[in-house]
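Remarks on the structure that follows.
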Amino acid sequence: MRVLAIDTSNLVLSVAVVEEERVLAETTTNQQKNHSVRMMDAISELLDATNTSPEELSGIGVAIGPGSYTGVRIGVASAKSIAWSLNLPVVGVSSLQAVAMNALGFADLIVPLFDARRGQVYTGCYASRGLDSLDMLEKERIILLQEWLPLLRDRAGGRSILFLGEDVRMHRQTIEQVLGEQALFASPAFNHPRAAHIGYLAMQRLQEGTDAHALVPEYLQLAEAEAKWLAQKQEGSVKE
Amino acid sequence: MGDIAMNRTNQSRYEQRVMQAYQAHKQSGGPTYILGIETSCDETSASVVRDGREVLSNVIASQADIHKRFGGVVPEVASRRHVENITLTIEEALRDANKTLDEIHAIAVTYGPGLVGALLVGVAAAKAISLARGIPLIGVHHIAGHIYANRLVEEMDFPLIALVVSGGHTELVWMKGHGQFEILGETRDDAAGEAYDKVARALNMPYPGGPHIDRLAHEGEANVPLPRSWLEPDSYDFSFSGLKSAVLNTLHNAAQRGETIQPANLAASFQDSVTEVLVEKTLRAVREFGAKQVLLAGGVAANRGLRERLQGRCQQEGIPLVIPPLSLCTDNAAMIAAAGYIRYEKGEFAGLDLNGVPGLSLSEQ
Ligand SMILES: [Zn+2]
């Protein structure tokens, strides 16, 4: 069984082809944002390098967000279109969980985090179950970092909290101010998502795999215009 | 756009597949079925067109109702809906055409101009299907699509002049032959459709305002003096912002003097000014370039005032005019497939690095 996995939800572009027992190939870059231009050629090269024709794939795994709206859409639109055109199951995987997978086997709390501007972060809280899966302790959300950190401290009890993600760097001071030594920071190689992890998560769930049409991004927040409109509607200042 | 190099030695398997499929189909001499995909604004559309002329299906998932509540198209909302609709729309287009992907010879997709986030959804889907199934990929300019909507109605007769008028565009295009576009003039400020929407808003009409103004104009008399923006005598460019301001000033001054202006008369006068400039510049271009045919294209081609005036003047001048039916004037994928067919015939395929280009110019096509 071969699964193609894709993550374009943030600055990182990662694509992989995995089999049950081994990763056949994985390409990950953390430099240019130009996913629309680069992603499909990267997949084509990966298929050629692993001697895989698209028809030999058994399923697709894709990071569905949260992250950059456009980046997430490029990944999801591509993945669902490949899946639909080959009649394959497609599995959407949380972009946060994909990063959290880097810390499989870590004993305490795992907190992946992406910056969401204006003091907010996309985040969630996980714990490793054995060496191959994660339990979600706190559901994924968009939240002010200042609110999130005390919540994590309560959740952790005395345990340490490992922060993961490329954007952790820009918030490190704030995190240390609140959590002190309870906060741990990983070596750079653990901070970016790897499509191979997404491939394995997807493989576990291929049977329940989503119908390609139904696969949609998880933005974790409404478009600004929709949020405003709903707020006005609740105040009763617009009709419909 | 990274066109596929036919003779490179280090071709990818994808490129080999695409070229093999193309050559095999060319040798067979059979009809060409192109899948068109269009997501440049707020319509998710897919279509199957035979030989660039015959529409087998043309599915349009409109988001108009969603954007109405915001008073205009919200790009982020449009992009989100495109992702939700894209494969469903494509599947429906194939089903309506009674075709499978195995029978499709190329995928033609709008890659600009338009809303970048919206364009990217269609482009990503087209590239994904192209890679997965080894089907040639063609990038199409949205305006080329609007112009080629005419070929779904009547064969083109070159040289010709195309007047493209929509919510986002006002362009006068000269074509010497298939796929050759030369822009003679374009708007220097607002697109004609934009001016319609703004004037409609001033008259308290809902978005999109164009159809409301058009309807109202037919109930009124063009008796409010408004300017015509001809610009320099030899220019084919357009300008509508001055006219829009004149309408707003007229309303404002009347209100200050406690007078009322009949909205129908104002709408008729506004429409008269817009259509006179559009039509007369088109006919001047026809004379200067010896055109054999005039094409009307774009969403505003649905405007009755514009259609009637252009029909009348073309008849007077004895020049054949083509106006597509309404369903082919507004954004749709059949027109994209029709324009893509010209590039298919020339073997001009896009690479997998095709990108959405919001400001794509027609001469790059
Ligand atoms: Zn258009």
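Residue numbers start at 1 in each chain; chains themselves are named A, B, ... in the order of the structure tokens; ligands are numbered from 1 in the order shown.
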
* **Proximal residues of chain B relative to chain A (only C-alpha atoms; 7 Å) as a list in words** =>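 Listing them in order of chain and number gives Arg13, Tyr14, Glu76, Val77, Val83, Glu84, Thr87, Leu88, Gly117, Leu120, Val121, Ala124, Ala125, Ala128, Ile129, Ala132, Leu352, Asp353, Leu354 and Asn355 of chain B.
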
Residues just named, written with C-alpha atoms as a tab-separated table (two decimals), in the first residue's frame:
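So the final result, stored in again_17.tsv, reads:
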```
chain	number	residue	atom	x	y	z
B	13	ARG	CA	6.94	10.64	-16.53
B	14	TYR	CA	4.08	13.08	-16.32
B	76	GLU	CA	-11.84	34.86	1.36
B	77	VAL	CA	-15.45	33.69	1.37
B	83	VAL	CA	-12.73	24.45	-2.29
B	84	GLU	CA	-16.03	23.02	-1.10
B	87	THR	CA	-14.70	18.42	-7.36
B	88	LEU	CA	-18.49	18.22	-7.15
B	117	GLY	CA	-7.11	32.94	-3.75
B	120	LEU	CA	-5.56	29.12	-7.01
B	121	VAL	CA	-8.33	26.65	-6.19
B	124	ALA	CA	-4.67	23.46	-8.05
B	125	ALA	CA	-7.55	21.19	-9.01
B	128	ALA	CA	-3.92	17.72	-9.66
B	129	ILE	CA	-6.21	15.97	-12.15
B	132	ALA	CA	-3.08	12.08	-11.60
B	352	LEU	CA	2.76	21.71	-13.29
B	353	ASP	CA	4.20	25.01	-12.06
B	354	LEU	CA	1.22	26.91	-13.50
B	355	ASN	CA	0.28	29.60	-11.00
```

* **Residues near stretch 26-39 of chain B, cut-off 9 Å, only C-alpha atoms, skip fewer than 4 positions along chain, as a ChimeraX atom specification** => /B:21-22,43-52,58,78-79,82,86,90,93-94,99,101,103-111,114-115,118-123,125-126,142,331-338,340-341,344-345

Which residues of chain B sit at most 9 Å from ligand 1, using only C-alpha atoms and all ligand atoms? Give each one's shortest atom pair and distance in Å (one decimal place), in chain and ascending residue order, as CSV.
```
residue,atom,partner,partner_atom_place_in_ligand_line,distance
B:Ser40,CA,ligand 1,1 (Zn),7.8
B:Cys41,CA,ligand 1,1 (Zn),7.7
B:Gly114,CA,ligand 1,1 (Zn),8.4
B:His142,CA,ligand 1,1 (Zn),6.4
B:Ile143,CA,ligand 1,1 (Zn),6.7
B:Gly145,CA,ligand 1,1 (Zn),8.3
B:His146,CA,ligand 1,1 (Zn),6.5
B:Val165,CA,ligand 1,1 (Zn),8.5
B:Ser166,CA,ligand 1,1 (Zn),6.1
B:Gly167,CA,ligand 1,1 (Zn),7.3
B:Gly168,CA,ligand 1,1 (Zn),7.0
B:His169,CA,ligand 1,1 (Zn),7.6
B:Ala297,CA,ligand 1,1 (Zn),8.9
B:Gly298,CA,ligand 1,1 (Zn),5.7
B:Gly299,CA,ligand 1,1 (Zn),6.4
B:Cys329,CA,ligand 1,1 (Zn),8.0
B:Thr330,CA,ligand 1,1 (Zn),6.2
B:Asp331,CA,ligand 1,1 (Zn),4.7
B:Asn332,CA,ligand 1,1 (Zn),8.0
```

* Show which residues sit within 12 Å of stretch 202-211 of chain A, as a ChimeraX atom specification. Count only C-alpha atoms, and ignore same-chain residues fewer than 2 positions away. => /A:1-6,16-21,57-64,79-94,97-98,132-133,195-200,213-216 /B:87-88

* What is the atom CA of B:Asp234-atom CA of B:Lys292 distance in Å, reported with one decimal? ->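 Computing the Euclidean distance for atom CA of B:Asp234 and atom CA of B:Lys292 yields 21.0 Å.
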
* Near B:Asp157, within 8 Å and counting only C-alpha atoms, which residues show up once chain neighbours fewer than 2 positions away are dropped, as a PyMOL selection string? -> chain B and resi 155+159-160+292-293

Mind writing the picked residues with N, CA, C and O atoms as a tab-separated table (two decimals), in the first residue's frame?
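File produced: result17.tsv:
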```tsv
chain	number	residue	atom	x	y	z
B	155	GLU	N	-18.97	30.98	-35.69
B	155	GLU	CA	-17.55	30.93	-36.03
B	155	GLU	C	-17.00	32.35	-36.13
B	155	GLU	O	-17.70	33.27	-36.56
B	159	PRO	N	-10.23	39.86	-39.63
B	159	PRO	CA	-10.00	40.43	-38.30
B	159	PRO	C	-11.31	40.82	-37.64
B	159	PRO	O	-12.28	41.14	-38.33
B	160	LEU	N	-11.30	40.85	-36.33
B	160	LEU	CA	-12.53	41.21	-35.62
B	160	LEU	C	-12.22	42.11	-34.44
B	160	LEU	O	-11.08	42.19	-33.99
B	292	LYS	N	-14.23	42.52	-39.73
B	292	LYS	CA	-15.34	41.86	-40.43
B	292	LYS	C	-16.44	41.42	-39.49
B	292	LYS	O	-17.46	40.89	-39.92
B	293	GLN	N	-16.17	41.57	-38.18
B	293	GLN	CA	-17.13	41.05	-37.20
B	293	GLN	C	-16.92	41.79	-35.88
B	293	GLN	O	-15.79	42.17	-35.55
```

* Can you list, as a PyMOL selection string, all residues belonging to stretch 243-338 of chain B that DSSP tags as strand (DSSP E or B)? => chain B and resi 293-297+321-322

* DSSP helix (DSSP H, G or I) residues within stretch 212-323 of chain B, listed as a PyMOL selection string -> chain B and resi 212-217+241-256+263-289+299-302+304-317

* **Given only C-alpha atoms as the counted atoms, nearest of A:Pro193, A:Gly165, A:Gly158, A:Gly236 to A:Gly180** =>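 Counting only C-alpha atoms, the residue closest to A:Gly180 is A:Gly158.
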
* To do: Please provide the set of residues having any atom within 7 Å of B:Val357, restricted to only C-alpha atoms, with same-chain residues fewer than 3 positions apart removed, written as a ChimeraX atom specification.
  => /B:111-113,116,360

* **Close residues, A:Tyr126 itself excluded, 12 Å, only C-alpha atoms, min 4 positions apart in chain, as a PyMOL selection string** => chain A and resi 96-113+133-140+152+155-156+161-164

Those residues you just picked out, can you put them in a file as an mmCIF file, in the first residue's frame with C-alpha atoms?
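selection-v2.cif, written as the output of this step:
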```
data_model
loop_
_atom_site.group_PDB
_atom_site.id
_atom_site.type_symbol
_atom_site.label_atom_id
_atom_site.label_comp_id
_atom_site.auth_asym_id
_atom_site.auth_seq_id
_atom_site.Cartn_x
_atom_site.Cartn_y
_atom_site.Cartn_z
ATOM 1 C CA LEU A 96 -1.095 20.878 14.328
ATOM 2 C CA GLN A 97 -1.238 17.160 14.937
ATOM 3 C CA ALA A 98 1.216 16.639 12.100
ATOM 4 C CA VAL A 99 3.766 18.748 13.978
ATOM 5 C CA ALA A 100 2.918 17.113 17.321
ATOM 6 C CA MET A 101 3.802 13.731 15.772
ATOM 7 C CA ASN A 102 7.433 14.849 15.844
ATOM 8 C CA ALA A 103 7.385 14.340 19.612
ATOM 9 C CA LEU A 104 5.934 10.825 19.666
ATOM 10 C CA GLY A 105 7.340 9.087 22.722
ATOM 11 C CA PHE A 106 7.756 12.266 24.729
ATOM 12 C CA ALA A 107 6.493 11.649 28.258
ATOM 13 C CA ASP A 108 4.745 14.916 29.105
ATOM 14 C CA LEU A 109 2.559 17.415 27.279
ATOM 15 C CA ILE A 110 3.078 18.237 23.621
ATOM 16 C CA VAL A 111 1.864 21.614 22.409
ATOM 17 C CA PRO A 112 2.125 22.447 18.692
ATOM 18 C CA LEU A 113 1.621 26.093 17.948
ATOM 19 C CA SER A 133 -0.134 7.672 18.373
ATOM 20 C CA LEU A 134 -1.331 10.791 20.106
ATOM 21 C CA ASP A 135 -4.143 11.529 22.531
ATOM 22 C CA MET A 136 -5.698 14.965 22.289
ATOM 23 C CA LEU A 137 -5.879 16.518 25.772
ATOM 24 C CA GLU A 138 -7.083 19.949 24.763
ATOM 25 C CA LYS A 139 -8.915 20.432 21.507
ATOM 26 C CA GLU A 140 -7.417 22.564 18.791
ATOM 27 C CA LEU A 152 -1.776 24.789 29.999
ATOM 28 C CA ARG A 155 -3.583 21.188 32.728
ATOM 29 C CA ALA A 156 0.028 20.112 33.173
ATOM 30 C CA ILE A 161 5.263 21.152 28.321
ATOM 31 C CA LEU A 162 7.064 20.771 25.021
ATOM 32 C CA PHE A 163 6.315 23.527 22.529
ATOM 33 C CA LEU A 164 6.671 22.678 18.850
#
```

* What gap, in Å, lies between atom CA of A:Gln146 and atom CA of A:Ser95? ->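 Computing it gives 22.0 Å between the two atoms.
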
* **Straight-line distance linking atom CA of A:Ala231 with atom CA of A:Arg117, stated in Å to one decimal** =>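 Straight-line distance from atom CA of A:Ala231 to atom CA of A:Arg117 works out to 20.9 Å.
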